[in-house]
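Participant: First the structure, which I've put down as structure tokens, then a few questions once you've had a look.
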Amino acid sequence: MQQDILINWSPQETRVAVVESGAVQELHVERALERGLVGNIYLGKVARVLPGMQSAFIDIGLERAAFLHVADLWQKPVNGDGLPANRTGAPPKPIEKQVFEGQTLMVQVIKDPIGSKGARLSTQISLAGRMLVFLPQDDHVGVSQKIPAALRDELRGRVQALATEAAQGARSGGFILRTNAEDATDAELSEDIAYLRKAWSRIREAATRQPPASLLHEDLNLLQRVLRDLAGEATQSIRIDSREQFDALLAFGQEFMPAAAARLSHYRGERPIFDLFNVDEEITKALGRRVDLKSGGYLIVDQTEALTTIDVNTGGFVGARNFDDTVFKTNLEAALAIARQLRLRNLGGIIIIDFIDMVQAEHQQAVLAELRKQLARDRVKTQVGGFSALGLVEMTRKRTRESLAQLLSEPCGQCHGSGRVRTARTVAYDILREILREARQFNPKEFRIVATPAVVDMLLDEESQHLAGLSDFIGKPISLQAESSIGPDQYDIVLL
């Protein structure tokens, strides 16, 4: 299926929309202030060695010195398998025998600074590509454990052959096949190998001319990852609305990914680029629970910490000849919409789908087939089971990054993420119980209730008899004060 990629750039935020058949299928957002340091490579200078902690502090040009533990020091292979000693079970040499103050080291950030702690470093350099991870200090080829065992040897052999051919028989680094290399062609693998080796060559060259505490390589930003990860044979165009970023991205693409760079263009239209396909409207919808279907049915999407549930409802769809046909057509439409919502919202982990109950087995199989067909377009790996005994479909989608909701929203300060608040009557009863509790411990002249207007109205109207009875029982007057600035289920009892 043909796709277009739209890029909206501003100094504070980059937004990318992947459009297929005129509809937004994926959204990617990166904010300048939230970019981490993980993956960045620096030419560091050893500031201090701590033998007692088997670690060292490294100056990489940041506000705080970074931290290097002996376990993260790469050591040269000491045996025939090509693996460093610290990866074969042998104890590493003490750190004081490997590094010294004032020494320069090429290091990579493996953990961002947190609070008062500096970044954590490693001297084991790795560069991530689309299909492969390049290990310039090693010579072996590894395969992700998530790739089926039956395919690993064949994939390993292909990469070894392609890497040797590209290096003209010389040994020049090892590779790890990532999960999405499972279905990669030789052309895609070769392109990744060439990109990674060229990137490593530039890093080495920079290390010879840059002073200590310099940044040698910054992990790709979202703009660059568009060319590396999102653009493919199905991509018709990549449009970006910033002339400056277009020039920079074009230069990067022409050097590393010329095929993708050829599809890049600068958008000069008067309308904002995201208005072309109502992308901002789609973002708003993607943050809501309800997704309306064209037929009149709808989905309810609930994302929790453990899993995501999707409930399918017929809604106002009653246009089919009989009820079974109505259910079947609604579920077919829902299967297409669900696949799109998973990509659009970037939902990962366990997903439970509650389709409307279908009596006929062939209808169930047709809905499953449609769901799998639509999910086949997803660049993220998915697995779909059949219908369970309770009529539910269980599936998984690999977590690759934060979901859109996690990135763009936060838990409500009023309901604390529950999505619900207590009713005015419930809060009123809580207040009456609290006053009774306070009256047994204290002896004020008066109790004053500070609550929302809805709660105050409830106590003055429908619950006025109970309020008066409580006042008589405790022998103290109770006054009311409406406060619209507090939350719907918040209140305060003031002792006067």
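Every chain in the structure tokens takes a letter, A first, then B, and so on in the order presented; its residues are numbered from 1, and the ligands are numbered from 1 following the presented order.
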Would you kindly return, as a list in words, each protein, DNA or RNA residue with an atom no farther than 10 Å from any atom of A:Met395, considering only C-alpha atoms and excluding same-chain residues fewer than 2 positions away?
Facilitator: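 So, after excluding close chain neighbours, the residues are Gly348, Gly349, Ile350, Ile351, Ile352, Ile353, Thr382, Gln383, Val384, Gly385, Gly386, Leu392, Val393 and Arg397 of chain A.
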Participant: Could you dump the residues just selected with N, CA and C atoms as a compact mmCIF listing (two decimals), in the first residue's frame?
Facilitator:
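Now in result-v3.txt:
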# COMPACT_ATOMS: atom_id res chain seq x y z
N GLY A 348 0.99 -1.21 22.84
CA GLY A 348 1.82 -2.41 22.88
C GLY A 348 1.46 -3.30 24.04
N GLY A 349 2.10 -4.48 24.10
CA GLY A 349 1.84 -5.43 25.17
C GLY A 349 0.65 -6.31 24.85
N ILE A 350 -0.05 -6.73 25.88
CA ILE A 350 -1.21 -7.61 25.72
C ILE A 350 -2.44 -6.79 25.37
N ILE A 351 -3.18 -7.24 24.37
CA ILE A 351 -4.38 -6.54 23.92
C ILE A 351 -5.53 -7.55 23.86
N ILE A 352 -6.63 -7.25 24.53
CA ILE A 352 -7.81 -8.12 24.55
C ILE A 352 -8.92 -7.44 23.76
N ILE A 353 -9.44 -8.14 22.74
CA ILE A 353 -10.50 -7.57 21.90
C ILE A 353 -11.80 -8.34 22.15
N THR A 382 3.37 -8.33 15.60
CA THR A 382 2.15 -8.68 16.32
C THR A 382 1.91 -10.18 16.26
N GLN A 383 1.20 -10.69 17.25
CA GLN A 383 0.77 -12.09 17.28
C GLN A 383 -0.69 -12.12 17.69
N VAL A 384 -1.50 -12.86 16.93
CA VAL A 384 -2.94 -12.92 17.18
C VAL A 384 -3.37 -14.36 17.43
N GLY A 385 -4.08 -14.59 18.54
CA GLY A 385 -4.64 -15.91 18.81
C GLY A 385 -6.04 -16.01 18.24
N GLY A 386 -6.68 -17.15 18.43
CA GLY A 386 -8.06 -17.32 17.98
C GLY A 386 -9.04 -16.85 19.03
N LEU A 392 -13.37 -13.98 23.37
CA LEU A 392 -12.40 -12.89 23.31
C LEU A 392 -11.24 -13.27 22.39
N VAL A 393 -10.63 -12.26 21.77
CA VAL A 393 -9.43 -12.46 20.97
C VAL A 393 -8.25 -11.85 21.72
N ARG A 397 1.31 -6.99 20.80
CA ARG A 397 2.02 -6.09 19.89
C ARG A 397 3.26 -5.61 20.61
Participant: Excluding A:Met106 and residues on its chain fewer than 3 positions from it, collect all residues at most 9 Å away from it, counting only C-alpha atoms, and give them as a ChimeraX atom specification.
Facilitator: /A:41-45,122-125,207,216
Participant: What does the distance between atom CA of A:Gly129 and atom CA of A:Arg343 come to in Å, to one decimal place?
Facilitator: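 Separation between atom CA of A:Gly129 and atom CA of A:Arg343: 21.4 Å.
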Participant: So, counting only C-alpha atoms, which residue among A:Ala366, A:Leu222, A:Val107, A:Ile493 is closest to A:Arg31?
Facilitator: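 Checking each candidate against A:Arg31, we get A:Leu222 as the closest.
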Participant: Among stretch 313-434 of chain A, which residues carry a DSSP assignment of strand (DSSP E), reported as number ranges by chain?
Facilitator: A: 313, 349-354, 382-387, 393-397
Participant: Could you pull out the helix (DSSP H, G or I) residues of stretch 85-166 of chain A, going by DSSP on the backbone, and write them as a list in words?
Facilitator: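 Matching residues for helix (DSSP H, G or I) in stretch 85-166 of chain A are Ala85, Asn86, Arg87, Ile95, Glu96, Lys97, Ala149, Ala150, Leu151, Arg152, Asp153, Glu154, Leu155, Arg156, Gly157, Arg158, Val159, Gln160, Ala161, Leu162, Ala163, Thr164, Glu165 and Ala166 of chain A.
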Participant: Give me, as a ChimeraX atom specification, all polymer residues having an atom no more than 9 Å from A:Leu467, counting only C-alpha atoms and skipping those fewer than 6 positions away in the same chain.
Facilitator: /A:432,459-460,478
Participant: For a test of reading the model, state the distance in Å between atom CA of A:Arg243 and atom CA of A:Asn346, rounded to one decimal.
Facilitator: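 Computing it gives 29.0 Å between the two atoms.
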Participant: Ranking A:Asp275, A:Glu233, A:Asp430, A:Glu370 by minimum distance to A:Ala339 and counting only C-alpha atoms, which one comes first?
Facilitator: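 For A:Ala339, the nearest of the candidates is A:Glu370.
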Participant: Env of stretch 192-205 of chain A: 10 Å cut, atoms = only C-alpha atoms, seq-sep filter 3 positions within chain, self excluded. Answer as a PyMOL selection string.
Facilitator: chain A and resi 41-43+106+125-136+159+162-163+166-167+172-173+175+186-189+208-210+215-218+228+255-257
Participant: Go ahead and save the picked residues with C-alpha atoms, as a PDB file, in the first residue's frame.
Facilitator:
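Once written, part_21.pdb looks like this:
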ATOM      1  CA  ILE A  41      29.202   8.459  21.822  1.00  0.00           C
ATOM      2  CA  TYR A  42      31.792  10.763  23.423  1.00  0.00           C
ATOM      3  CA  LEU A  43      35.547  11.081  23.599  1.00  0.00           C
ATOM      4  CA  MET A 106      35.723   6.444  23.558  1.00  0.00           C
ATOM      5  CA  ILE A 125      30.360   0.609  21.383  1.00  0.00           C
ATOM      6  CA  SER A 126      27.230  -0.374  19.454  1.00  0.00           C
ATOM      7  CA  LEU A 127      25.424   1.372  16.594  1.00  0.00           C
ATOM      8  CA  ALA A 128      21.785   0.558  15.881  1.00  0.00           C
ATOM      9  CA  GLY A 129      20.489   0.380  12.329  1.00  0.00           C
ATOM     10  CA  ARG A 130      17.125  -0.527  10.896  1.00  0.00           C
ATOM     11  CA  MET A 131      17.740  -4.285  10.840  1.00  0.00           C
ATOM     12  CA  LEU A 132      21.107  -4.701  12.562  1.00  0.00           C
ATOM     13  CA  VAL A 133      23.185  -3.544  15.501  1.00  0.00           C
ATOM     14  CA  PHE A 134      26.846  -3.013  14.598  1.00  0.00           C
ATOM     15  CA  LEU A 135      29.546  -4.013  17.111  1.00  0.00           C
ATOM     16  CA  PRO A 136      32.774  -2.511  15.719  1.00  0.00           C
ATOM     17  CA  VAL A 159      24.653 -11.578   7.319  1.00  0.00           C
ATOM     18  CA  LEU A 162      26.992 -10.007   3.109  1.00  0.00           C
ATOM     19  CA  ALA A 163      29.326  -8.422   5.678  1.00  0.00           C
ATOM     20  CA  ALA A 166      31.035  -5.688   1.671  1.00  0.00           C
ATOM     21  CA  ALA A 167      34.372  -5.651   3.521  1.00  0.00           C
ATOM     22  CA  SER A 172      35.641  -5.386  10.319  1.00  0.00           C
ATOM     23  CA  GLY A 173      33.150  -5.680  13.135  1.00  0.00           C
ATOM     24  CA  PHE A 175      26.551  -7.631  14.037  1.00  0.00           C
ATOM     25  CA  ASP A 186      19.547  -9.176   1.223  1.00  0.00           C
ATOM     26  CA  ALA A 187      19.252  -5.674  -0.246  1.00  0.00           C
ATOM     27  CA  GLU A 188      17.882  -4.282   3.029  1.00  0.00           C
ATOM     28  CA  LEU A 189      20.581  -6.004   5.075  1.00  0.00           C
ATOM     29  CA  THR A 208      41.297  11.760  15.839  1.00  0.00           C
ATOM     30  CA  ARG A 209      40.634  15.487  15.560  1.00  0.00           C
ATOM     31  CA  GLN A 210      38.252  16.346  18.432  1.00  0.00           C
ATOM     32  CA  LEU A 215      30.511  14.542  21.392  1.00  0.00           C
ATOM     33  CA  LEU A 216      31.500  12.225  18.524  1.00  0.00           C
ATOM     34  CA  HIS A 217      28.122  10.793  17.572  1.00  0.00           C
ATOM     35  CA  GLU A 218      24.576  11.668  18.561  1.00  0.00           C
ATOM     36  CA  ARG A 228      16.136   4.986   8.330  1.00  0.00           C
ATOM     37  CA  GLU A 255      25.139  10.336   2.319  1.00  0.00           C
ATOM     38  CA  PHE A 256      23.527   7.429   4.167  1.00  0.00           C
ATOM     39  CA  MET A 257      20.140   6.611   2.568  1.00  0.00           C
TER      40      MET A 257
END
Participant: Could you name the residues that touch stretch 259-263 of chain A at 7 Å or less, counting only C-alpha atoms, but leaving out those on the same chain fewer than 4 positions away, as a PyMOL selection string?
Facilitator: chain A and resi 227+231+236-238+250+253-254
Participant: Suppose we keep N, CA and C atoms; can you now write the selection as a CSV table (one decimal), in the first residue's frame?
Facilitator:
chain,number,residue,atom,x,y,z
A,227,LEU,N,13.9,8.5,7.7
A,227,LEU,CA,14.6,8.0,6.5
A,227,LEU,C,15.1,6.5,6.8
A,231,ALA,N,10.7,5.2,6.1
A,231,ALA,CA,10.6,5.2,4.6
A,231,ALA,C,10.9,3.8,4.0
A,236,GLN,N,5.7,7.1,-1.2
A,236,GLN,CA,5.7,7.9,-2.4
A,236,GLN,C,6.4,9.2,-2.2
A,237,SER,N,6.2,9.8,-1.0
A,237,SER,CA,6.7,11.2,-0.7
A,237,SER,C,7.0,11.4,0.7
A,238,ILE,N,8.0,12.2,1.0
A,238,ILE,CA,8.3,12.6,2.4
A,238,ILE,C,8.3,14.1,2.4
A,250,LEU,N,18.2,16.3,3.9
A,250,LEU,CA,18.6,15.9,2.5
A,250,LEU,C,20.1,15.6,2.5
A,253,GLY,N,20.5,12.2,4.2
A,253,GLY,CA,19.9,11.1,3.4
A,253,GLY,C,20.8,10.8,2.2
A,254,GLN,N,21.3,11.9,1.6
A,254,GLN,CA,22.1,11.6,0.4
A,254,GLN,C,23.4,10.9,0.7
Participant: Which residue out of A:Leu155, A:Ala65, A:Gln75, A:Phe447 has the minimum interatomic distance to A:Ser116 when only C-alpha atoms are used?
Facilitator: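 Of the candidates, the smallest distance to A:Ser116 is held by A:Ala65.
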Participant: Have a look at A:Ile431, A:Ile486, A:Leu342, A:Val16 and name the one nearest to A:Val380; count only C-alpha atoms.
Facilitator: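 Using only C-alpha atoms, A:Val380 sits closest to A:Leu342.
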Participant: Choose the residue, out of A:Lys373, A:Ile474, A:Leu264, A:Val19, that has the smallest atom-to-atom separation from A:Lys445; count only C-alpha atoms.
Facilitator: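 Smallest distance to A:Lys445 is found for A:Ile474.
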Participant: So what do you get for atom CA of A:Leu336 versus atom CA of A:Thr185, distance-wise?
Facilitator: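 According to the coordinates, atom CA of A:Leu336 and atom CA of A:Thr185 are separated by 27.7 Å.
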Participant: Give the answer as one residue: which of A:Val312, A:Val18, A:Ile7, A:Met358 has the shortest atom-to-atom distance to A:Gln224, using only C-alpha atoms?
Facilitator: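 Closest candidate: A:Ile7.
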Participant: Within 9 Å of A:Arg290, counting only C-alpha atoms, which residues qualify if same-chain residues fewer than 2 places away don't, as number ranges by chain?
Facilitator: A: 285-286, 288, 292, 298-301
Participant: Restrict the selected residues to C-alpha atoms and save them as a PDB file, in the first residue's frame.
Facilitator:
ATOM      1  CA  LYS A 285      -9.490  11.443  18.636  1.00  0.00           C
ATOM      2  CA  ALA A 286      -6.585   9.090  19.435  1.00  0.00           C
ATOM      3  CA  GLY A 288     -10.202   9.557  23.556  1.00  0.00           C
ATOM      4  CA  ASP A 292     -16.850   5.803  15.942  1.00  0.00           C
ATOM      5  CA  TYR A 298     -18.114   2.127  17.812  1.00  0.00           C
ATOM      6  CA  LEU A 299     -15.062   0.925  19.759  1.00  0.00           C
ATOM      7  CA  ILE A 300     -14.223   1.621  23.388  1.00  0.00           C
ATOM      8  CA  VAL A 301     -10.444   1.571  23.974  1.00  0.00           C
TER       9      VAL A 301
END
